[in-house]
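File shown: target-v8.cif (mmCIF, N, CA and C atoms).
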```cif
data_run
loop_
_atom_site.label_atom_id
_atom_site.label_comp_id
_atom_site.auth_asym_id
_atom_site.auth_seq_id
_atom_site.Cartn_x
_atom_site.Cartn_y
_atom_site.Cartn_z
N MET A 1 0.84 -1.17 0.00
CA MET A 1 0.00 0.00 0.00
C MET A 1 0.89 1.24 0.00
N SER A 2 0.58 2.19 -0.86
CA SER A 2 1.39 3.40 -0.93
C SER A 2 1.20 4.26 0.31
N ASP A 3 2.12 5.19 0.55
CA ASP A 3 2.03 6.07 1.71
C ASP A 3 0.73 6.88 1.65
N THR A 4 0.35 7.36 0.46
CA THR A 4 -0.89 8.12 0.32
C THR A 4 -2.09 7.27 0.68
N THR A 5 -2.13 6.03 0.21
CA THR A 5 -3.25 5.14 0.52
C THR A 5 -3.32 4.86 2.01
N SER A 6 -2.19 4.73 2.68
CA SER A 6 -2.20 4.45 4.11
C SER A 6 -2.76 5.62 4.91
N GLN A 7 -2.87 6.80 4.30
CA GLN A 7 -3.44 7.96 4.97
C GLN A 7 -4.91 8.18 4.64
N ILE A 8 -5.49 7.36 3.76
CA ILE A 8 -6.89 7.58 3.39
C ILE A 8 -7.78 6.35 3.58
N TYR A 9 -7.21 5.18 3.78
CA TYR A 9 -8.00 3.96 3.86
C TYR A 9 -7.60 3.19 5.12
N PHE A 10 -8.57 3.00 6.02
CA PHE A 10 -8.30 2.34 7.29
C PHE A 10 -9.28 1.19 7.46
N VAL A 11 -8.77 -0.03 7.49
CA VAL A 11 -9.61 -1.22 7.57
C VAL A 11 -10.21 -1.38 8.96
N ASP A 12 -9.41 -1.25 10.01
CA ASP A 12 -9.91 -1.39 11.38
C ASP A 12 -9.27 -0.32 12.25
N VAL A 13 -9.87 0.85 12.23
CA VAL A 13 -9.30 1.99 12.94
C VAL A 13 -9.27 1.77 14.46
N LYS A 14 -10.17 0.93 14.99
CA LYS A 14 -10.18 0.68 16.43
C LYS A 14 -8.86 0.07 16.92
N GLU A 15 -8.19 -0.70 16.05
CA GLU A 15 -6.90 -1.30 16.42
C GLU A 15 -5.82 -0.25 16.67
N LYS A 16 -6.02 0.96 16.17
CA LYS A 16 -5.03 2.02 16.34
C LYS A 16 -5.16 2.74 17.69
N ALA A 17 -6.28 2.52 18.40
CA ALA A 17 -6.50 3.19 19.68
C ALA A 17 -5.47 2.73 20.70
N VAL A 18 -4.94 3.69 21.47
CA VAL A 18 -3.97 3.42 22.52
C VAL A 18 -4.63 3.77 23.85
N PHE A 19 -4.54 2.85 24.82
CA PHE A 19 -5.11 3.05 26.15
C PHE A 19 -3.98 3.22 27.14
N ALA A 20 -4.10 4.22 28.02
CA ALA A 20 -3.07 4.48 29.02
C ALA A 20 -3.74 4.93 30.32
N THR A 21 -3.20 4.52 31.43
CA THR A 21 -3.79 4.89 32.72
C THR A 21 -3.58 6.37 33.04
N ASP A 22 -2.61 7.01 32.39
CA ASP A 22 -2.35 8.42 32.67
C ASP A 22 -3.06 9.37 31.72
N GLY A 23 -4.08 8.89 31.02
CA GLY A 23 -4.88 9.76 30.15
C GLY A 23 -4.84 9.35 28.70
N PRO A 24 -5.65 10.03 27.88
CA PRO A 24 -5.76 9.69 26.46
C PRO A 24 -4.46 9.95 25.70
N LYS A 25 -4.20 9.08 24.73
CA LYS A 25 -3.04 9.20 23.85
C LYS A 25 -3.56 9.21 22.41
N PRO A 26 -4.02 10.37 21.91
CA PRO A 26 -4.58 10.43 20.56
C PRO A 26 -3.59 9.92 19.51
N GLN A 27 -4.11 9.16 18.55
CA GLN A 27 -3.32 8.64 17.44
C GLN A 27 -3.84 9.31 16.17
N PHE A 28 -3.02 10.14 15.56
CA PHE A 28 -3.47 10.88 14.39
C PHE A 28 -3.51 9.99 13.15
N LEU A 29 -4.63 10.01 12.46
CA LEU A 29 -4.76 9.34 11.18
C LEU A 29 -4.19 10.25 10.10
N ILE A 30 -4.44 11.55 10.27
CA ILE A 30 -3.84 12.57 9.41
C ILE A 30 -3.77 13.85 10.24
N GLU A 31 -2.69 14.59 10.05
CA GLU A 31 -2.53 15.85 10.76
C GLU A 31 -1.86 16.84 9.82
N THR A 32 -2.64 17.83 9.41
CA THR A 32 -2.12 18.91 8.58
C THR A 32 -2.49 20.22 9.27
N PRO A 33 -1.95 21.34 8.82
CA PRO A 33 -2.34 22.62 9.43
C PRO A 33 -3.84 22.91 9.28
N GLN A 34 -4.48 22.38 8.24
CA GLN A 34 -5.88 22.66 7.98
C GLN A 34 -6.85 21.63 8.56
N PHE A 35 -6.40 20.40 8.82
CA PHE A 35 -7.32 19.34 9.22
C PHE A 35 -6.61 18.28 10.03
N LYS A 36 -7.31 17.78 11.05
CA LYS A 36 -6.80 16.68 11.87
C LYS A 36 -7.89 15.63 12.01
N ALA A 37 -7.50 14.37 11.88
CA ALA A 37 -8.39 13.24 12.15
C ALA A 37 -7.62 12.29 13.05
N LEU A 38 -8.28 11.82 14.11
CA LEU A 38 -7.58 10.98 15.07
C LEU A 38 -8.51 9.94 15.67
N VAL A 39 -7.90 8.92 16.26
CA VAL A 39 -8.63 7.91 17.01
C VAL A 39 -8.09 7.95 18.43
N VAL A 40 -9.02 7.87 19.39
CA VAL A 40 -8.64 7.99 20.79
C VAL A 40 -9.23 6.84 21.59
N GLY A 41 -8.44 6.27 22.47
CA GLY A 41 -8.90 5.27 23.42
C GLY A 41 -8.88 5.88 24.81
N LEU A 42 -9.95 5.68 25.56
CA LEU A 42 -10.06 6.23 26.91
C LEU A 42 -10.45 5.09 27.84
N GLU A 43 -9.64 4.86 28.87
CA GLU A 43 -9.91 3.79 29.83
C GLU A 43 -11.20 4.04 30.61
N ALA A 44 -11.84 2.98 31.10
CA ALA A 44 -13.00 3.11 31.98
C ALA A 44 -12.61 4.00 33.15
N GLY A 45 -13.45 4.97 33.45
CA GLY A 45 -13.16 5.91 34.53
C GLY A 45 -12.30 7.08 34.09
N GLY A 46 -11.77 7.02 32.87
CA GLY A 46 -10.93 8.10 32.36
C GLY A 46 -11.76 9.30 31.96
N GLN A 47 -11.09 10.41 31.83
CA GLN A 47 -11.81 11.61 31.43
C GLN A 47 -10.95 12.55 30.61
N ILE A 48 -11.62 13.39 29.88
CA ILE A 48 -11.00 14.53 29.21
C ILE A 48 -11.64 15.74 29.88
N PRO A 49 -10.84 16.53 30.58
CA PRO A 49 -11.40 17.68 31.31
C PRO A 49 -12.14 18.64 30.37
N VAL A 50 -13.14 19.33 30.92
CA VAL A 50 -13.90 20.31 30.15
C VAL A 50 -12.95 21.43 29.74
N HIS A 51 -13.00 21.77 28.44
CA HIS A 51 -12.12 22.79 27.88
C HIS A 51 -12.76 23.39 26.63
N PRO A 52 -12.44 24.63 26.28
CA PRO A 52 -12.93 25.20 25.02
C PRO A 52 -12.06 24.69 23.87
N GLY A 53 -12.56 24.78 22.66
CA GLY A 53 -11.78 24.37 21.50
C GLY A 53 -12.45 24.80 20.22
N GLU A 54 -11.80 24.47 19.11
CA GLU A 54 -12.37 24.80 17.81
C GLU A 54 -13.47 23.79 17.45
N THR A 55 -14.16 24.05 16.35
CA THR A 55 -15.20 23.14 15.88
C THR A 55 -14.61 21.74 15.76
N ALA A 56 -15.32 20.76 16.28
CA ALA A 56 -14.82 19.38 16.25
C ALA A 56 -15.98 18.40 16.15
N MET A 57 -15.69 17.22 15.62
CA MET A 57 -16.65 16.14 15.50
C MET A 57 -16.10 14.94 16.23
N TYR A 58 -16.96 14.27 17.01
CA TYR A 58 -16.61 13.06 17.75
C TYR A 58 -17.58 11.97 17.32
N HIS A 59 -17.05 10.83 16.88
CA HIS A 59 -17.90 9.70 16.50
C HIS A 59 -17.45 8.50 17.34
N PHE A 60 -18.37 7.96 18.12
CA PHE A 60 -18.04 6.90 19.08
C PHE A 60 -18.19 5.52 18.45
N LEU A 61 -17.12 4.73 18.56
CA LEU A 61 -17.07 3.39 17.98
C LEU A 61 -17.33 2.31 19.01
N GLU A 62 -16.98 2.58 20.27
CA GLU A 62 -17.05 1.55 21.30
C GLU A 62 -17.16 2.22 22.67
N GLY A 63 -17.91 1.60 23.59
CA GLY A 63 -17.94 2.04 24.97
C GLY A 63 -19.11 2.93 25.32
N THR A 64 -19.18 3.30 26.62
CA THR A 64 -20.25 4.14 27.13
C THR A 64 -19.68 5.20 28.07
N GLY A 65 -20.42 6.28 28.21
CA GLY A 65 -20.01 7.35 29.10
C GLY A 65 -20.86 8.58 28.86
N LEU A 66 -20.33 9.72 29.26
CA LEU A 66 -21.01 11.00 29.08
C LEU A 66 -20.07 12.01 28.46
N MET A 67 -20.60 12.83 27.57
CA MET A 67 -19.84 13.94 27.01
C MET A 67 -20.59 15.22 27.35
N THR A 68 -19.86 16.18 27.87
CA THR A 68 -20.43 17.48 28.19
C THR A 68 -20.12 18.44 27.06
N VAL A 69 -21.14 19.16 26.62
CA VAL A 69 -20.98 20.22 25.62
C VAL A 69 -21.73 21.43 26.18
N GLY A 70 -21.00 22.48 26.47
CA GLY A 70 -21.62 23.63 27.11
C GLY A 70 -22.16 23.22 28.47
N ASP A 71 -23.45 23.43 28.69
CA ASP A 71 -24.10 23.06 29.95
C ASP A 71 -24.88 21.76 29.85
N GLU A 72 -24.78 21.06 28.72
CA GLU A 72 -25.54 19.82 28.52
C GLU A 72 -24.62 18.60 28.56
N SER A 73 -25.21 17.46 28.96
CA SER A 73 -24.49 16.18 28.92
C SER A 73 -25.20 15.24 27.96
N PHE A 74 -24.42 14.49 27.21
CA PHE A 74 -24.95 13.57 26.21
C PHE A 74 -24.38 12.18 26.45
N GLU A 75 -25.23 11.17 26.22
CA GLU A 75 -24.81 9.78 26.39
C GLU A 75 -23.85 9.38 25.28
N ILE A 76 -22.74 8.75 25.67
CA ILE A 76 -21.79 8.17 24.72
C ILE A 76 -22.16 6.70 24.56
N LYS A 77 -22.28 6.26 23.31
CA LYS A 77 -22.46 4.84 22.99
C LYS A 77 -22.09 4.65 21.54
N PRO A 78 -21.82 3.42 21.11
CA PRO A 78 -21.42 3.19 19.73
C PRO A 78 -22.44 3.75 18.74
N GLY A 79 -21.94 4.44 17.73
CA GLY A 79 -22.79 5.01 16.69
C GLY A 79 -23.16 6.46 16.90
N VAL A 80 -22.96 7.00 18.11
CA VAL A 80 -23.31 8.39 18.39
C VAL A 80 -22.25 9.31 17.79
N THR A 81 -22.70 10.42 17.21
CA THR A 81 -21.82 11.46 16.70
C THR A 81 -22.20 12.77 17.36
N ILE A 82 -21.21 13.50 17.84
CA ILE A 82 -21.43 14.80 18.47
C ILE A 82 -20.56 15.82 17.75
N VAL A 83 -21.19 16.92 17.32
CA VAL A 83 -20.46 18.01 16.67
C VAL A 83 -20.49 19.20 17.62
N VAL A 84 -19.32 19.74 17.93
CA VAL A 84 -19.20 20.83 18.89
C VAL A 84 -18.75 22.10 18.17
N PRO A 85 -19.52 23.19 18.32
CA PRO A 85 -19.14 24.45 17.66
C PRO A 85 -17.86 25.06 18.25
N SER A 86 -17.22 25.87 17.47
CA SER A 86 -15.99 26.55 17.90
C SER A 86 -16.25 27.39 19.14
N GLY A 87 -15.32 27.30 20.10
CA GLY A 87 -15.41 28.07 21.32
C GLY A 87 -16.23 27.43 22.41
N GLU A 88 -17.03 26.41 22.07
CA GLU A 88 -17.88 25.75 23.06
C GLU A 88 -17.05 24.82 23.94
N ARG A 89 -17.35 24.81 25.22
CA ARG A 89 -16.65 23.92 26.15
C ARG A 89 -17.12 22.49 25.94
N ARG A 90 -16.16 21.54 26.06
CA ARG A 90 -16.47 20.13 25.90
C ARG A 90 -15.56 19.31 26.81
N GLY A 91 -16.07 18.16 27.24
CA GLY A 91 -15.31 17.24 28.07
C GLY A 91 -15.95 15.87 28.02
N MET A 92 -15.29 14.87 28.58
CA MET A 92 -15.76 13.50 28.45
C MET A 92 -15.43 12.69 29.70
N ASN A 93 -16.35 11.79 30.09
CA ASN A 93 -16.14 10.84 31.17
C ASN A 93 -16.53 9.46 30.66
N ALA A 94 -15.61 8.51 30.72
CA ALA A 94 -15.84 7.15 30.23
C ALA A 94 -16.34 6.26 31.36
N LYS A 95 -17.49 5.60 31.16
CA LYS A 95 -17.97 4.58 32.11
C LYS A 95 -17.25 3.26 31.86
N THR A 96 -17.10 2.94 30.57
CA THR A 96 -16.36 1.74 30.14
C THR A 96 -15.24 2.22 29.23
N ARG A 97 -14.43 1.31 28.73
CA ARG A 97 -13.43 1.71 27.73
C ARG A 97 -14.15 2.32 26.54
N VAL A 98 -13.65 3.45 26.07
CA VAL A 98 -14.27 4.17 24.95
C VAL A 98 -13.25 4.32 23.85
N ILE A 99 -13.72 4.13 22.61
CA ILE A 99 -12.92 4.43 21.43
C ILE A 99 -13.74 5.38 20.58
N PHE A 100 -13.11 6.50 20.18
CA PHE A 100 -13.83 7.42 19.31
C PHE A 100 -12.91 7.99 18.24
N LEU A 101 -13.55 8.42 17.15
CA LEU A 101 -12.88 9.15 16.09
C LEU A 101 -13.14 10.63 16.33
N GLY A 102 -12.15 11.44 16.15
CA GLY A 102 -12.32 12.88 16.27
C GLY A 102 -11.75 13.56 15.04
N SER A 103 -12.34 14.69 14.70
CA SER A 103 -11.79 15.47 13.60
C SER A 103 -12.05 16.94 13.87
N LYS A 104 -11.14 17.75 13.38
CA LYS A 104 -11.32 19.20 13.48
C LYS A 104 -10.58 19.84 12.33
N GLY A 105 -11.18 20.92 11.85
CA GLY A 105 -10.59 21.66 10.75
C GLY A 105 -10.11 23.02 11.21
N GLU A 106 -9.59 23.76 10.26
CA GLU A 106 -9.11 25.09 10.53
C GLU A 106 -10.27 25.95 11.01
N SER A 107 -10.07 26.70 12.07
CA SER A 107 -11.13 27.58 12.60
C SER A 107 -11.20 28.88 11.85
#
```
Same coordinates, now as structure tokens:
Amino acid sequence: MSDTTSQIYFVDVKEKAVFATDGPKPQFLIETPQFKALVVGLEAGGQIPVHPGETAMYHFLEGTGLMTVGDESFEIKPGVTIVVPSGERRGMNAKTRVIFLGSKGES
């Protein structure tokens, strides 16, 4: 597979998730100044503290938990997609091991 193909075609992206007891270790599928796509593994009980950020999309592949966006909380489960507007606060708490895809573009 060519280097270009390895950056656009992923057979089992969940295998790329890295789990660590000291917090998430995002694995970039592609990272350019204009666009980032990544896969993240979060251990049960793990969290991503609430923080502001640019527009981003989160698509959950595995696990359960809660994601906070602004003042609202949303259930995390496989198949759920959450899109967060630029500047909005977001955070995550994993009940079980969670794997998600994230992407964000230039703000």
Taking the file as shown, find all residues satisfying the PyMOL selection byres ((chain A and resi 86-89) around 5) and write them as a PDB file with N, CA and C atoms, in the frame of the given file.
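part.pdb, written as the output of this step:
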```pdb
ATOM      1  N   HIS A  51     -13.000  21.770  28.440  1.00  0.00           N
ATOM      2  CA  HIS A  51     -12.120  22.790  27.880  1.00  0.00           C
ATOM      3  C   HIS A  51     -12.760  23.390  26.630  1.00  0.00           C
ATOM      4  N   PRO A  52     -12.440  24.630  26.280  1.00  0.00           N
ATOM      5  CA  PRO A  52     -12.930  25.200  25.020  1.00  0.00           C
ATOM      6  C   PRO A  52     -12.060  24.690  23.870  1.00  0.00           C
ATOM      7  N   GLY A  53     -12.560  24.780  22.660  1.00  0.00           N
ATOM      8  CA  GLY A  53     -11.780  24.370  21.500  1.00  0.00           C
ATOM      9  C   GLY A  53     -12.450  24.800  20.220  1.00  0.00           C
ATOM     10  N   GLU A  54     -11.800  24.470  19.110  1.00  0.00           N
ATOM     11  CA  GLU A  54     -12.370  24.800  17.810  1.00  0.00           C
ATOM     12  C   GLU A  54     -13.470  23.790  17.450  1.00  0.00           C
ATOM     13  N   THR A  55     -14.160  24.050  16.350  1.00  0.00           N
ATOM     14  CA  THR A  55     -15.200  23.140  15.880  1.00  0.00           C
ATOM     15  C   THR A  55     -14.610  21.740  15.760  1.00  0.00           C
ATOM     16  N   VAL A  69     -21.140  19.160  26.620  1.00  0.00           N
ATOM     17  CA  VAL A  69     -20.980  20.220  25.620  1.00  0.00           C
ATOM     18  C   VAL A  69     -21.730  21.430  26.180  1.00  0.00           C
ATOM     19  N   GLY A  70     -21.000  22.480  26.470  1.00  0.00           N
ATOM     20  CA  GLY A  70     -21.620  23.630  27.110  1.00  0.00           C
ATOM     21  C   GLY A  70     -22.160  23.220  28.470  1.00  0.00           C
ATOM     22  N   VAL A  84     -19.320  19.740  17.930  1.00  0.00           N
ATOM     23  CA  VAL A  84     -19.200  20.830  18.890  1.00  0.00           C
ATOM     24  C   VAL A  84     -18.750  22.100  18.170  1.00  0.00           C
ATOM     25  N   PRO A  85     -19.520  23.190  18.320  1.00  0.00           N
ATOM     26  CA  PRO A  85     -19.140  24.450  17.660  1.00  0.00           C
ATOM     27  C   PRO A  85     -17.860  25.060  18.250  1.00  0.00           C
ATOM     28  N   ARG A  90     -16.160  21.540  26.060  1.00  0.00           N
ATOM     29  CA  ARG A  90     -16.470  20.130  25.900  1.00  0.00           C
ATOM     30  C   ARG A  90     -15.560  19.310  26.810  1.00  0.00           C
ATOM     31  N   GLY A  91     -16.070  18.160  27.240  1.00  0.00           N
ATOM     32  CA  GLY A  91     -15.310  17.240  28.070  1.00  0.00           C
ATOM     33  C   GLY A  91     -15.950  15.870  28.020  1.00  0.00           C
TER      34      GLY A  91
END
```
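Using only N, CA and C atoms for every distance, the candidate list A:Ala17, A:Gln34, A:Gly23, A:Thr64 yields A:Thr64 as the residue closest to Arg97 in chain A.
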For the file shown, what are the residues hit by the PyMOL selection byres (((chain A and resi 40 and name CA) around 12) and name CA), laid out as a ChimeraX atom specification?
/A:13-20,23-29,37-39,41-43,46-48,58-63,92,94,97-103
DSSP-assigned strand (DSSP E or B) among range 4-107 of chain A, expressed as a ChimeraX atom specification:
/A:27-31,35-42,47-52,56-62,65-69,72-76,81-84,89-94,98-105
So what do you get for CA of Ile30 in chain A versus atom C of Val11 in chain A, distance-wise?
15.3 Å
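Picture a line from CA of Ala56 in chain A to CA of Ile82 in chain A; it runs 8.3 Å.
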Which protein, DNA or RNA residues are at most 5 Å from (-24.7, 8.6, 29.6) in the file's coordinates when you count all atoms listed in the file, listed as a PyMOL selection string?
chain A and resi 65-66+74-76
